[in-house]
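Participant: Sharing a structure, written as structure tokens. Questions coming.
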Amino acid sequence: MKRYSLIFLMLICTIQLSAQTDYKPSAANLEAREWFENAKFGMFVHWGVYSVLGDGEWVMNNQNISISAYDKLPGFFNPQEFDADQWVKLAKDAGMKYITITSRHHDGFSMFDTEASDFNIVDATPYKKDVLKSLAEACSKEGIKLFFYYSLLDWRHDDYFPKGRTGNGIEGRAASGEWEKYIEFMKVQLTELLTNYGDIAGIWFDGHWDQKEWDGKKFGAVKVDWHYDEIYTLIHELQPQCLIGNNHHLAPIAGEDFQMFEKDLPGKNTTGWGTSSDDIGSLPKEVCETINGSWGFNLQDKKHKSEKELIQYLINAAGYGSNLLLNVGPMPNGKIQEEHVNSLKSIGKWLEKYGETIYGSRQGPVPPSSEMVSTQKDEKIYLHLLNEQIETYLIPDFEGKIRKMSFYDSGKKVTHKVDEYGLAFNVPKEERNNIDTIIVLELR
């Protein structure tokens, strides 16, 4: 393992590690939060040496691959067809405003040039190039903001000890370690990520749950001190505008700037291990989801979501006041799967026509349901009707005087009635869209 360079140790030592319990976001951070809420759509990228095996990003854990065997994978990872400009163009054409990429996943492999470990794309692969550097430059040119996913857990690092709930069948893991050294390792890497790649829009943490007690139904107490006060302060001192999110499935912790929800709309918790409705905070929200059934490249994944499913998920996310971070899992050669490319192009075409109802919007006044969600921009409310089979709608307890109610596509008036039961209206068959029938509601 490399020694930590003096410059990074000096940076860490000189930062005042005041408790983030007293965190007051800077003006730049508050501005970044507003931008984030307006952005509504981003690209998630899960990519690493695990792509060589074509069995998802958890393959080391799922197949119990020993450390000595897994260490051979970088020798096969040579993504000669990776083109950062093409990736960014794809994201931009899809209507995405930012990219979040895995800088280090649970297998401990760093996709950037780091002084903290030799187990990285520059030192350990024949490719010898820093893909995050290329991506940062491409994003900067195109006005796409860049976030770094960063794993808190590590199945390979000796000092990730005590070991957590996962990866315990991996042969070669250390039988002891020094947790404080692992925390310092993370600080060094985070310092590198926030000093070598220009302006970084956010850090997306994952893995907190690995060190929580679990009875098969719910999480219990956390077993380690993650030193979030120190880590969050480090990030905000290096780049005050940088937004911090943590996929811990809990209510927001002091020092965080946005709240994410994994494979679920906020508060739904259909997975059983997600964030409960009681833990939804007031921070900007983000939902992350896969295009197929996997985060990392999975050769045999046939659970590809349809154009309708993906677009409606974006609409639903906006209706819940959230962004959608939609994942792609690039192949080991550096190219994004053609199926994913086609899906993103379809979403981009839809947003070209209907993006006004999504971008810059906030959750509308009509409670979201499986049939309808609402978004709002100033005095305009957009009703998104998601079931083309329904003709008559009733919005109970509707309050507000309607100035105009029209179909977004045709501009024709909507036949409606407001009485003691609420707002009732009809949607003729010729006005229905099989993905999303949009009604514009303007209040006086």
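To be explicit about the labels: the chains of the structure tokens are called A, B, and onward in the order shown, and within each one the residues are counted from 1, while ligands get numbers from 1 in the order they are shown.
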Leaving out A:Glu142 and any residue of its chain fewer than 6 positions from it, which residues lie within 9 Å of it when counting only C-alpha atoms, given as a PyMOL selection string?

Facilitator: chain A and resi 85+88-89+92

Participant: For A:His416, list every protein, DNA or RNA residue within 7 Å, evaluated using only C-alpha atoms, and leave out those in the same chain fewer than 4 positions away; present the list as a PyMOL selection string.

Facilitator: chain A and resi 424-426

Participant: Need the shell around stretch 194-203 of chain A: protein/DNA/RNA residues with any atom at most 6 Å away, counting only C-alpha atoms. Skip same-chain ones fewer than 6 positions apart. Format as a PyMOL selection string?

Facilitator: chain A and resi 145-149+242-244

Participant: Using only C-alpha atoms, which residues sit within 10 Å of stretch 213-225 of chain A once same-chain residues fewer than 6 positions away are excluded, as a PyMOL selection string?

Facilitator: chain A and resi 161-162+164-165+179-180+183+249-250+272-274

Participant: I want to know what sits within 9 Å of stretch 168-177 of chain A, based on only C-alpha atoms, with residues of the same chain fewer than 3 positions away left out; could you give that as a list in words?

Facilitator: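 Close residues of stretch 168-177 of chain A: Met60, Asn61, Asn62, Gln63, Asn64, Ile65, Ser66, Ile67, Ser68, Trp155, Arg156, His157, Asp158, Asp159, Tyr160, Phe161, Pro162, Lys163, Gly164, Arg165, Lys181 and Tyr182 of chain A.
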
Participant: Of the residues A:Glu379, A:Glu338, A:Glu256, A:Glu431, which is the one nearest to A:Asn29, using only C-alpha atoms?

Facilitator: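 Counting only C-alpha atoms, the residue closest to A:Asn29 is A:Glu256.
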
Participant: Counting only C-alpha atoms, which residue out of A:Ser322, A:Ser369, A:Asn38, A:Asn333 sits closest to A:Ser51?

Facilitator: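 Counting only C-alpha atoms, the residue closest to A:Ser51 is A:Asn333.
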
Participant: Grab the atom CA of A:Asp107 to atom CA of A:Pro74 distance for me, in Å with one decimal place.

Facilitator: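 Atom CA of A:Asp107 sits 11.8 Å away from atom CA of A:Pro74.
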
Participant: Which one is closest to A:Asp378: A:Val59, A:Met405, A:Leu441, A:Ala124? Count only C-alpha atoms.

Facilitator: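 Ranking A:Val59, A:Met405, A:Leu441, A:Ala124 by distance to A:Asp378, first place goes to A:Leu441.
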